[in-house]
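Have a look at work.pdb below; it lists PDB, C-alpha atoms.
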```
ATOM      1  CA  MET N   1      85.467 154.248-148.331  1.00  0.00           C
ATOM      2  CA  GLY N   2      83.755 150.956-149.144  1.00  0.00           C
ATOM      3  CA  HIS N   3      80.724 152.740-150.547  1.00  0.00           C
ATOM      4  CA  LEU N   4      82.991 154.992-152.628  1.00  0.00           C
ATOM      5  CA  LEU N   5      84.800 152.007-154.163  1.00  0.00           C
ATOM      6  CA  GLN N   6      81.473 150.331-154.864  1.00  0.00           C
ATOM      7  CA  THR N   7      80.257 153.443-156.676  1.00  0.00           C
ATOM      8  CA  ILE N   8      83.397 153.597-158.825  1.00  0.00           C
ATOM      9  CA  LEU N   9      83.283 149.875-159.650  1.00  0.00           C
ATOM     10  CA  ILE N  10      79.645 150.006-160.685  1.00  0.00           C
ATOM     11  CA  SER N  11      80.357 153.108-162.746  1.00  0.00           C
ATOM     12  CA  TYR N  12      83.160 151.301-164.533  1.00  0.00           C
ATOM     13  CA  LEU N  13      80.847 148.374-165.182  1.00  0.00           C
ATOM     14  CA  PHE N  14      78.948 150.643-167.574  1.00  0.00           C
ATOM     15  CA  ILE N  15      82.222 151.584-169.269  1.00  0.00           C
ATOM     16  CA  VAL N  16      83.342 147.950-169.547  1.00  0.00           C
ATOM     17  CA  LEU N  17      80.044 146.939-171.129  1.00  0.00           C
ATOM     18  CA  VAL N  18      80.385 149.687-173.732  1.00  0.00           C
ATOM     19  CA  ILE N  19      83.987 148.609-174.406  1.00  0.00           C
ATOM     20  CA  LEU N  20      82.902 144.976-174.880  1.00  0.00           C
ATOM     21  CA  PHE N  21      80.165 146.131-177.231  1.00  0.00           C
ATOM     22  CA  ASP N  22      82.686 148.207-179.169  1.00  0.00           C
ATOM     23  CA  LEU N  23      85.124 145.284-179.417  1.00  0.00           C
ATOM     24  CA  LYS N  24      82.323 143.113-180.761  1.00  0.00           C
ATOM     25  CA  PHE N  25      81.514 145.527-183.585  1.00  0.00           C
ATOM     26  CA  GLN N  26      85.101 146.827-183.943  1.00  0.00           C
ATOM     27  CA  SER N  27      84.222 150.501-184.267  1.00  0.00           C
ATOM     28  CA  GLY N  28      87.531 151.385-182.617  1.00  0.00           C
ATOM     29  CA  MET N  29      86.415 153.844-179.938  1.00  0.00           C
ATOM     30  CA  TRP N  30      87.215 151.670-176.907  1.00  0.00           C
ATOM     31  CA  ARG N  31      90.800 152.919-176.481  1.00  0.00           C
ATOM     32  CA  GLU N  32      89.731 156.548-176.385  1.00  0.00           C
ATOM     33  CA  LEU N  33      86.808 155.691-174.089  1.00  0.00           C
ATOM     34  CA  LEU N  34      89.006 153.788-171.648  1.00  0.00           C
ATOM     35  CA  LEU N  35      91.638 156.520-171.515  1.00  0.00           C
ATOM     36  CA  SER N  36      89.010 159.266-171.283  1.00  0.00           C
ATOM     37  CA  SER N  37      87.205 157.513-168.438  1.00  0.00           C
ATOM     38  CA  LEU N  38      90.411 157.150-166.424  1.00  0.00           C
ATOM     39  CA  LEU N  39      91.371 160.765-167.021  1.00  0.00           C
ATOM     40  CA  SER N  40      87.852 161.908-166.208  1.00  0.00           C
ATOM     41  CA  LEU N  41      87.876 160.140-162.840  1.00  0.00           C
ATOM     42  CA  LEU N  42      91.267 161.585-161.939  1.00  0.00           C
ATOM     43  CA  GLN N  43      90.250 165.063-163.099  1.00  0.00           C
ATOM     44  CA  LEU N  44      87.015 164.981-161.110  1.00  0.00           C
ATOM     45  CA  LEU N  45      88.827 163.869-157.969  1.00  0.00           C
ATOM     46  CA  ALA N  46      91.444 166.568-158.449  1.00  0.00           C
ATOM     47  CA  ILE N  47      88.970 169.359-159.155  1.00  0.00           C
ATOM     48  CA  ALA N  48      86.916 168.377-156.092  1.00  0.00           C
ATOM     49  CA  PHE N  49      89.918 169.064-153.859  1.00  0.00           C
ATOM     50  CA  VAL N  50      90.846 172.173-155.854  1.00  0.00           C
ATOM     51  CA  ILE N  51      87.360 173.644-155.476  1.00  0.00           C
ATOM     52  CA  LEU N  52      87.395 172.875-151.743  1.00  0.00           C
ATOM     53  CA  TYR N  53      90.775 174.632-151.475  1.00  0.00           C
ATOM     54  CA  LEU N  54      89.590 177.640-153.497  1.00  0.00           C
ATOM     55  CA  LEU N  55      86.442 177.926-151.390  1.00  0.00           C
ATOM     56  CA  LYS N  56      88.635 178.307-148.323  1.00  0.00           C
ATOM     57  CA  LEU N  57      90.978 180.833-149.958  1.00  0.00           C
ATOM     58  CA  ASN N  58      88.376 182.744-152.019  1.00  0.00           C
ATOM     59  CA  ILE N  59      91.028 184.542-154.101  1.00  0.00           C
ATOM     60  CA  SER N  60      89.599 185.972-157.321  1.00  0.00           C
ATOM     61  CA  PHE N  61      92.874 185.666-159.222  1.00  0.00           C
ATOM     62  CA  LEU N  62      93.004 181.910-158.647  1.00  0.00           C
ATOM     63  CA  ASN N  63      89.346 181.509-159.586  1.00  0.00           C
ATOM     64  CA  PHE N  64      89.855 183.147-162.963  1.00  0.00           C
ATOM     65  CA  GLY N  65      93.030 181.127-163.442  1.00  0.00           C
ATOM     66  CA  ILE N  66      90.961 177.940-163.176  1.00  0.00           C
ATOM     67  CA  VAL N  67      88.528 179.318-165.782  1.00  0.00           C
ATOM     68  CA  LEU N  68      91.420 180.009-168.178  1.00  0.00           C
ATOM     69  CA  LEU N  69      92.590 176.458-167.592  1.00  0.00           C
ATOM     70  CA  PHE N  70      89.094 175.284-168.588  1.00  0.00           C
ATOM     71  CA  PHE N  71      89.376 177.287-171.807  1.00  0.00           C
ATOM     72  CA  PHE N  72      92.796 175.830-172.589  1.00  0.00           C
ATOM     73  CA  ASN N  73      91.845 172.208-171.913  1.00  0.00           C
ATOM     74  CA  ALA N  74      88.626 172.557-173.915  1.00  0.00           C
ATOM     75  CA  SER N  75      90.652 173.966-176.822  1.00  0.00           C
ATOM     76  CA  VAL N  76      93.074 171.029-176.715  1.00  0.00           C
ATOM     77  CA  ILE N  77      90.238 168.505-176.796  1.00  0.00           C
ATOM     78  CA  ALA N  78      88.420 170.315-179.611  1.00  0.00           C
ATOM     79  CA  TYR N  79      91.631 170.598-181.631  1.00  0.00           C
ATOM     80  CA  ARG N  80      92.170 166.857-181.467  1.00  0.00           C
ATOM     81  CA  ARG N  81      88.782 166.392-183.131  1.00  0.00           C
ATOM     82  CA  LEU N  82      89.938 168.506-186.073  1.00  0.00           C
ATOM     83  CA  ARG N  83      92.991 166.383-186.894  1.00  0.00           C
ATOM     84  CA  PRO N  84      94.063 165.503-189.501  1.00  0.00           C
ATOM     85  CA  PHE N  85      93.371 168.719-191.363  1.00  0.00           C
ATOM     86  CA  PRO N  86      95.563 171.028-193.502  1.00  0.00           C
ATOM     87  CA  TYR N  87      95.917 173.956-191.115  1.00  0.00           C
ATOM     88  CA  SER N  88      99.015 174.398-188.993  1.00  0.00           C
ATOM     89  CA  THR N  89      98.795 173.507-185.312  1.00  0.00           C
ATOM     90  CA  LEU N  90      99.555 177.033-184.115  1.00  0.00           C
ATOM     91  CA  LYS N  91      97.020 178.713-186.408  1.00  0.00           C
ATOM     92  CA  THR N  92      94.275 176.209-185.661  1.00  0.00           C
ATOM     93  CA  PHE N  93      94.769 176.050-181.904  1.00  0.00           C
ATOM     94  CA  SER N  94      94.941 179.844-181.650  1.00  0.00           C
ATOM     95  CA  ILE N  95      91.608 180.206-183.443  1.00  0.00           C
ATOM     96  CA  ILE N  96      89.983 177.496-181.328  1.00  0.00           C
ATOM     97  CA  PHE N  97      91.247 178.987-178.062  1.00  0.00           C
ATOM     98  CA  LEU N  98      90.179 182.486-179.110  1.00  0.00           C
ATOM     99  CA  SER N  99      86.703 181.300-180.108  1.00  0.00           C
ATOM    100  CA  ILE N 100      86.073 179.312-176.946  1.00  0.00           C
ATOM    101  CA  SER N 101      87.472 182.064-174.723  1.00  0.00           C
ATOM    102  CA  LEU N 102      85.546 184.921-176.343  1.00  0.00           C
ATOM    103  CA  ILE N 103      82.158 183.214-176.649  1.00  0.00           C
ATOM    104  CA  SER N 104      82.356 181.587-173.213  1.00  0.00           C
ATOM    105  CA  SER N 105      83.470 184.839-171.548  1.00  0.00           C
ATOM    106  CA  PHE N 106      80.617 186.708-173.220  1.00  0.00           C
ATOM    107  CA  SER N 107      78.125 184.096-172.014  1.00  0.00           C
ATOM    108  CA  LEU N 108      79.495 184.213-168.468  1.00  0.00           C
ATOM    109  CA  PHE N 109      79.372 188.020-168.504  1.00  0.00           C
ATOM    110  CA  LEU N 110      75.680 187.961-169.442  1.00  0.00           C
ATOM    111  CA  LEU N 111      74.989 185.418-166.697  1.00  0.00           C
ATOM    112  CA  TYR N 112      76.782 187.769-164.302  1.00  0.00           C
ATOM    113  CA  LEU N 113      74.601 190.691-165.414  1.00  0.00           C
ATOM    114  CA  ALA N 114      71.535 188.500-164.881  1.00  0.00           C
ATOM    115  CA  GLY N 115      72.620 187.860-161.292  1.00  0.00           C
ATOM    116  CA  ILE N 116      73.037 184.124-161.881  1.00  0.00           C
ATOM    117  CA  LEU N 117      76.839 184.099-161.787  1.00  0.00           C
ATOM    118  CA  LYS N 118      78.696 185.310-158.710  1.00  0.00           C
ATOM    119  CA  PRO N 119      82.470 185.988-158.630  1.00  0.00           C
ATOM    120  CA  THR N 120      82.988 183.211-156.082  1.00  0.00           C
ATOM    121  CA  PRO N 121      84.474 179.716-156.580  1.00  0.00           C
ATOM    122  CA  ALA N 122      81.173 178.001-155.745  1.00  0.00           C
ATOM    123  CA  SER N 123      79.405 179.888-158.556  1.00  0.00           C
ATOM    124  CA  LEU N 124      82.097 180.760-161.109  1.00  0.00           C
ATOM    125  CA  ILE N 125      83.841 177.415-161.476  1.00  0.00           C
ATOM    126  CA  PRO N 126      80.748 175.175-162.000  1.00  0.00           C
ATOM    127  CA  LEU N 127      79.069 177.620-164.394  1.00  0.00           C
ATOM    128  CA  ALA N 128      82.284 178.244-166.305  1.00  0.00           C
ATOM    129  CA  GLY N 129      82.688 174.501-166.664  1.00  0.00           C
ATOM    130  CA  ILE N 130      79.171 174.046-168.018  1.00  0.00           C
ATOM    131  CA  VAL N 131      79.486 176.916-170.489  1.00  0.00           C
ATOM    132  CA  THR N 132      82.975 175.992-171.691  1.00  0.00           C
ATOM    133  CA  ALA N 133      82.056 172.323-172.103  1.00  0.00           C
ATOM    134  CA  ALA N 134      79.123 173.312-174.309  1.00  0.00           C
ATOM    135  CA  GLY N 135      81.429 175.285-176.582  1.00  0.00           C
ATOM    136  CA  MET N 136      83.906 172.407-176.693  1.00  0.00           C
ATOM    137  CA  ARG N 137      81.241 169.840-177.583  1.00  0.00           C
ATOM    138  CA  SER N 138      79.859 172.089-180.312  1.00  0.00           C
ATOM    139  CA  LEU N 139      83.331 172.451-181.839  1.00  0.00           C
ATOM    140  CA  SER N 140      83.942 168.709-181.700  1.00  0.00           C
ATOM    141  CA  LEU N 141      80.695 168.112-183.581  1.00  0.00           C
ATOM    142  CA  ALA N 142      81.356 170.976-185.985  1.00  0.00           C
ATOM    143  CA  PHE N 143      84.832 169.763-186.945  1.00  0.00           C
ATOM    144  CA  ARG N 144      83.648 166.198-187.434  1.00  0.00           C
ATOM    145  CA  TYR N 145      80.722 167.223-189.643  1.00  0.00           C
ATOM    146  CA  PHE N 146      82.810 169.873-191.429  1.00  0.00           C
ATOM    147  CA  LYS N 147      85.504 167.435-192.554  1.00  0.00           C
ATOM    148  CA  THR N 148      82.914 164.896-193.662  1.00  0.00           C
ATOM    149  CA  ARG N 149      80.827 167.450-195.505  1.00  0.00           C
ATOM    150  CA  LEU N 150      83.842 168.864-197.354  1.00  0.00           C
ATOM    151  CA  LEU N 151      84.718 165.416-198.624  1.00  0.00           C
ATOM    152  CA  ASP N 152      81.124 164.519-199.540  1.00  0.00           C
ATOM    153  CA  LEU N 153      80.580 167.795-201.405  1.00  0.00           C
ATOM    154  CA  GLN N 154      84.049 168.039-202.917  1.00  0.00           C
ATOM    155  CA  ASP N 155      82.872 167.966-206.556  1.00  0.00           C
ATOM    156  CA  ILE N 156      80.174 170.580-205.908  1.00  0.00           C
ATOM    157  CA  LEU N 157      82.598 172.837-204.049  1.00  0.00           C
ATOM    158  CA  LEU N 158      85.208 172.594-206.805  1.00  0.00           C
ATOM    159  CA  GLY N 159      82.472 173.550-209.259  1.00  0.00           C
ATOM    160  CA  MET N 160      81.562 176.577-207.140  1.00  0.00           C
ATOM    161  CA  PHE N 161      85.200 177.667-207.073  1.00  0.00           C
ATOM    162  CA  ALA N 162      85.403 177.201-210.847  1.00  0.00           C
ATOM    163  CA  LEU N 163      82.433 179.571-211.228  1.00  0.00           C
ATOM    164  CA  GLY N 164      84.244 182.230-209.202  1.00  0.00           C
ATOM    165  CA  ALA N 165      82.827 181.694-205.685  1.00  0.00           C
ATOM    166  CA  THR N 166      84.990 182.985-202.850  1.00  0.00           C
ATOM    167  CA  ASP N 167      86.120 180.904-199.891  1.00  0.00           C
ATOM    168  CA  LEU N 168      83.573 182.579-197.632  1.00  0.00           C
ATOM    169  CA  GLN N 169      80.730 182.013-200.107  1.00  0.00           C
ATOM    170  CA  VAL N 170      81.567 178.317-200.318  1.00  0.00           C
ATOM    171  CA  PHE N 171      81.952 178.147-196.539  1.00  0.00           C
ATOM    172  CA  SER N 172      78.527 179.748-196.109  1.00  0.00           C
ATOM    173  CA  PHE N 173      77.019 177.065-198.354  1.00  0.00           C
ATOM    174  CA  VAL N 174      78.648 174.282-196.319  1.00  0.00           C
ATOM    175  CA  PHE N 175      77.875 175.824-192.932  1.00  0.00           C
ATOM    176  CA  LYS N 176      74.158 176.027-193.671  1.00  0.00           C
ATOM    177  CA  SER N 177      74.069 172.249-193.774  1.00  0.00           C
ATOM    178  CA  LEU N 178      76.219 171.966-190.629  1.00  0.00           C
ATOM    179  CA  ILE N 179      74.442 174.157-188.122  1.00  0.00           C
ATOM    180  CA  ASP N 180      71.326 171.997-187.932  1.00  0.00           C
ATOM    181  CA  ASP N 181      73.382 168.887-187.140  1.00  0.00           C
ATOM    182  CA  ILE N 182      75.609 170.712-184.664  1.00  0.00           C
ATOM    183  CA  THR N 183      72.721 172.043-182.576  1.00  0.00           C
ATOM    184  CA  VAL N 184      70.634 168.830-182.495  1.00  0.00           C
ATOM    185  CA  PRO N 185      71.871 167.728-179.011  1.00  0.00           C
ATOM    186  CA  VAL N 186      71.151 171.053-177.315  1.00  0.00           C
ATOM    187  CA  ARG N 187      67.830 171.526-179.112  1.00  0.00           C
ATOM    188  CA  ASP N 188      66.759 168.077-177.947  1.00  0.00           C
ATOM    189  CA  MET N 189      67.833 169.016-174.419  1.00  0.00           C
ATOM    190  CA  PHE N 190      65.795 172.210-174.664  1.00  0.00           C
ATOM    191  CA  ARG N 191      62.749 170.306-175.876  1.00  0.00           C
ATOM    192  CA  SER N 192      62.949 167.542-173.262  1.00  0.00           C
ATOM    193  CA  ALA N 193      63.740 169.661-170.191  1.00  0.00           C
ATOM    194  CA  GLY N 194      61.091 169.089-167.539  1.00  0.00           C
ATOM    195  CA  ILE N 195      59.318 166.417-169.597  1.00  0.00           C
ATOM    196  CA  VAL N 196      61.912 163.717-170.220  1.00  0.00           C
ATOM    197  CA  HIS N 197      64.435 164.841-167.616  1.00  0.00           C
ATOM    198  CA  ILE N 198      64.842 167.453-164.893  1.00  0.00           C
ATOM    199  CA  PRO N 199      68.157 169.313-165.426  1.00  0.00           C
ATOM    200  CA  GLY N 200      70.770 169.022-162.706  1.00  0.00           C
ATOM    201  CA  VAL N 201      71.156 172.738-161.988  1.00  0.00           C
ATOM    202  CA  MET N 202      67.458 173.062-161.251  1.00  0.00           C
ATOM    203  CA  VAL N 203      67.502 169.994-158.986  1.00  0.00           C
ATOM    204  CA  GLY N 204      70.472 171.383-157.058  1.00  0.00           C
ATOM    205  CA  LEU N 205      68.779 174.739-156.572  1.00  0.00           C
ATOM    206  CA  LEU N 206      65.523 173.138-155.420  1.00  0.00           C
ATOM    207  CA  LEU N 207      67.368 170.919-152.940  1.00  0.00           C
ATOM    208  CA  SER N 208      69.176 173.956-151.570  1.00  0.00           C
ATOM    209  CA  GLY N 209      65.839 175.661-150.867  1.00  0.00           C
ATOM    210  CA  VAL N 210      65.612 178.097-153.780  1.00  0.00           C
ATOM    211  CA  PHE N 211      62.091 179.200-154.743  1.00  0.00           C
ATOM    212  CA  PRO N 212      60.873 176.887-157.589  1.00  0.00           C
ATOM    213  CA  VAL N 213      60.133 179.724-160.020  1.00  0.00           C
ATOM    214  CA  LYS N 214      63.640 181.122-159.566  1.00  0.00           C
ATOM    215  CA  ALA N 215      65.175 177.656-159.972  1.00  0.00           C
ATOM    216  CA  ALA N 216      63.254 177.185-163.223  1.00  0.00           C
ATOM    217  CA  ALA N 217      64.321 180.615-164.501  1.00  0.00           C
ATOM    218  CA  VAL N 218      67.982 179.934-163.723  1.00  0.00           C
ATOM    219  CA  GLN N 219      67.835 176.556-165.461  1.00  0.00           C
ATOM    220  CA  PHE N 220      66.198 178.148-168.496  1.00  0.00           C
ATOM    221  CA  ALA N 221      69.016 180.712-168.601  1.00  0.00           C
ATOM    222  CA  ILE N 222      71.610 177.911-168.523  1.00  0.00           C
ATOM    223  CA  LEU N 223      69.879 176.035-171.347  1.00  0.00           C
ATOM    224  CA  SER N 224      69.625 179.230-173.390  1.00  0.00           C
ATOM    225  CA  THR N 225      73.330 179.839-172.827  1.00  0.00           C
ATOM    226  CA  MET N 226      74.125 176.357-174.107  1.00  0.00           C
ATOM    227  CA  VAL N 227      72.108 176.987-177.278  1.00  0.00           C
ATOM    228  CA  PHE N 228      74.125 180.170-177.767  1.00  0.00           C
ATOM    229  CA  GLN N 229      77.392 178.304-177.202  1.00  0.00           C
ATOM    230  CA  PHE N 230      76.492 175.510-179.616  1.00  0.00           C
ATOM    231  CA  THR N 231      75.632 178.023-182.320  1.00  0.00           C
ATOM    232  CA  PHE N 232      78.229 180.760-182.083  1.00  0.00           C
ATOM    233  CA  THR N 233      81.377 178.944-180.927  1.00  0.00           C
ATOM    234  CA  PRO N 234      81.663 176.781-184.076  1.00  0.00           C
ATOM    235  CA  ALA N 235      80.422 179.625-186.278  1.00  0.00           C
ATOM    236  CA  VAL N 236      83.160 181.977-185.054  1.00  0.00           C
ATOM    237  CA  ALA N 237      85.904 179.309-185.109  1.00  0.00           C
ATOM    238  CA  LEU N 238      85.164 178.064-188.626  1.00  0.00           C
ATOM    239  CA  PHE N 239      84.586 181.569-189.980  1.00  0.00           C
ATOM    240  CA  LEU N 240      87.942 182.749-188.635  1.00  0.00           C
ATOM    241  CA  LEU N 241      89.754 179.693-189.974  1.00  0.00           C
ATOM    242  CA  VAL N 242      88.304 180.167-193.451  1.00  0.00           C
ATOM    243  CA  SER N 243      88.558 183.971-193.592  1.00  0.00           C
ATOM    244  CA  LEU N 244      92.157 184.054-192.305  1.00  0.00           C
ATOM    245  CA  PHE N 245      93.645 180.903-193.821  1.00  0.00           C
ATOM    246  CA  GLY N 246      91.316 179.951-196.678  1.00  0.00           C
ATOM    247  CA  LEU N 247      88.920 177.054-197.194  1.00  0.00           C
ATOM    248  CA  LYS N 248      90.773 173.786-197.636  1.00  0.00           C
ATOM    249  CA  ILE N 249      88.410 171.239-199.036  1.00  0.00           C
ATOM    250  CA  TYR N 250      90.299 168.032-198.548  1.00  0.00           C
ATOM    251  CA  PRO N 251      93.139 166.787-196.328  1.00  0.00           C
ATOM    252  CA  GLY N 252      96.473 167.818-197.707  1.00  0.00           C
ATOM    253  CA  GLY N 253      95.149 170.242-200.287  1.00  0.00           C
ATOM    254  CA  ASN N 254      93.173 173.402-200.825  1.00  0.00           C
ATOM    255  CA  ASN N 255      90.902 175.025-203.323  1.00  0.00           C
ATOM    256  CA  GLY N 256      93.832 176.355-205.252  1.00  0.00           C
TER     257      GLY N 256
END
```

Just dump the structure as structure tokens.
Amino acid sequence: MGHLLQTILISYLFIVLVILFDLKFQSGMWRELLLSSLLSLLQLLAIAFVILYLLKLNISFLNFGIVLLFFFNASVIAYRRLRPFPYSTLKTFSIIFLSISLISSFSLFLLYLAGILKPTPASLIPLAGIVTAAGMRSLSLAFRYFKTRLLDLQDILLGMFALGATDLQVFSFVFKSLIDDITVPVRDMFRSAGIVHIPGVMVGLLLSGVFPVKAAAVQFAILSTMVFQFTFTPAVALFLLVSLFGLKIYPGGNNG
């Protein structure tokens, strides 16, 4: 127990230092960071016991229920990054949940076909978490860049509308400048894997005695899945929002 408390205290030392740095420069992120860190610790402790319980039960229905919970929580977090924005809560959240669920389920299905994912708690829950988190992070980045880009390009976009461009044509113009920024983190991860850092999945497989070539192949599949998530989750979500509800180019208003 003493070692556990020491680990948590040292971990929070990193958080406290970041908070002090943030207070010095007054960027305003410390409240979210503090709350997120507390929730993260509680969630990790809870999920550790949940996974242990599911491993003992090994009931498929419960396993997939946890995955759906991942999808829902990821959608809530991604939606918060979109606010404030002139789409209704129900419309926006539905699109986000649909996008994360569809793209993540497709990715997990392909991993299942590849023999990487097994329908057991020990395999399904960790992989579903990795895949879903990638989609969530991509949406958070996409919404942040999307709002900023719409404001920065407002005059150009209004000019495009004046010349008769459709919502989807204007969206396509904006999205071209977004996708490069959105995928920077995962492309950097792809480029640095094995050179700057050794990914955790590969380390875990090697420590468990898996043949190195297989461990490398599995890790490459996970990285490839994350690239897919970072690209298609925001593309589908933003495309559906614009095609169904129109392109709104500034908070509180639309192109009309």

Excluding same-chain residues fewer than 4 positions from N:Lys118, what lies within 12 Å of it counting all atoms listed in the file, as a PyMOL selection string?
chain N and resi 60+63+108-114+122-128

Close residues, N:Ile15 itself excluded, 8 Å, only C-alpha atoms, min 3 positions apart in chain, as a PyMOL selection string:
chain N and resi 11-12+18-19+33-34+37

Atomic distance atom CA of N:Phe190 - atom CA of N:Ala133, expressed in Å with one decimal:
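These two atoms are separated by 16.5 Å.
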
Got a sec: who's within 9 Å of N:Val170, counting only C-alpha atoms, leaving out chain neighbours fewer than 3 positions off, as a ChimeraX atom specification?
/N:157,160-161,165-167,173-175,247

Could you give me, as a PyMOL selection string, the residues within 10 Å of N:Asn73, counting only C-alpha atoms and dropping anything in the same chain fewer than 5 positions from it?
chain N and resi 67-68+78-79+97+132-133+136

Using only C-alpha atoms, pick whichever of N:Ile66, N:Leu41, N:Ile103, N:Leu150 has the shortest atom-to-atom distance to N:Phe232.
N:Ile103

If you apply the PyMOL selection byres ((chain N and resi 32) around 12) to this file, what residues do you get, as an MDAnalysis selection string?
chainID N and resid 15 18:19 22 27:31 33:40 77 80:81

Choose the residue, out of N:Leu141, N:Leu102, N:Leu151, N:Leu17, that has the smallest atom-to-atom separation from N:Lys248; count all atoms listed in the file.
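Result for the nearest residue to N:Lys248: N:Leu151.
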
If the PyMOL selection byres ((chain N and resi 218) around 10) is run on the structure shown, which residues does it catch, given as a PyMOL selection string?
chain N and resi 111+114-117+201-202+205+212-217+219-224

Distance in Å - atom CA of N:Leu13 versus atom CA of N:Leu44:
18.2 Å

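Atom to atom, atom CA of N:Ser104 and atom CA of N:Thr233 stand 8.2 Å apart.
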
Mind checking which residues fall within 9 Å of N:Tyr145, counting all atoms listed in the file, ignoring those fewer than 5 positions away in the same chain, and posting them as JSON, numbers by chain?
{"N": [140, 150, 178, 181, 182]}
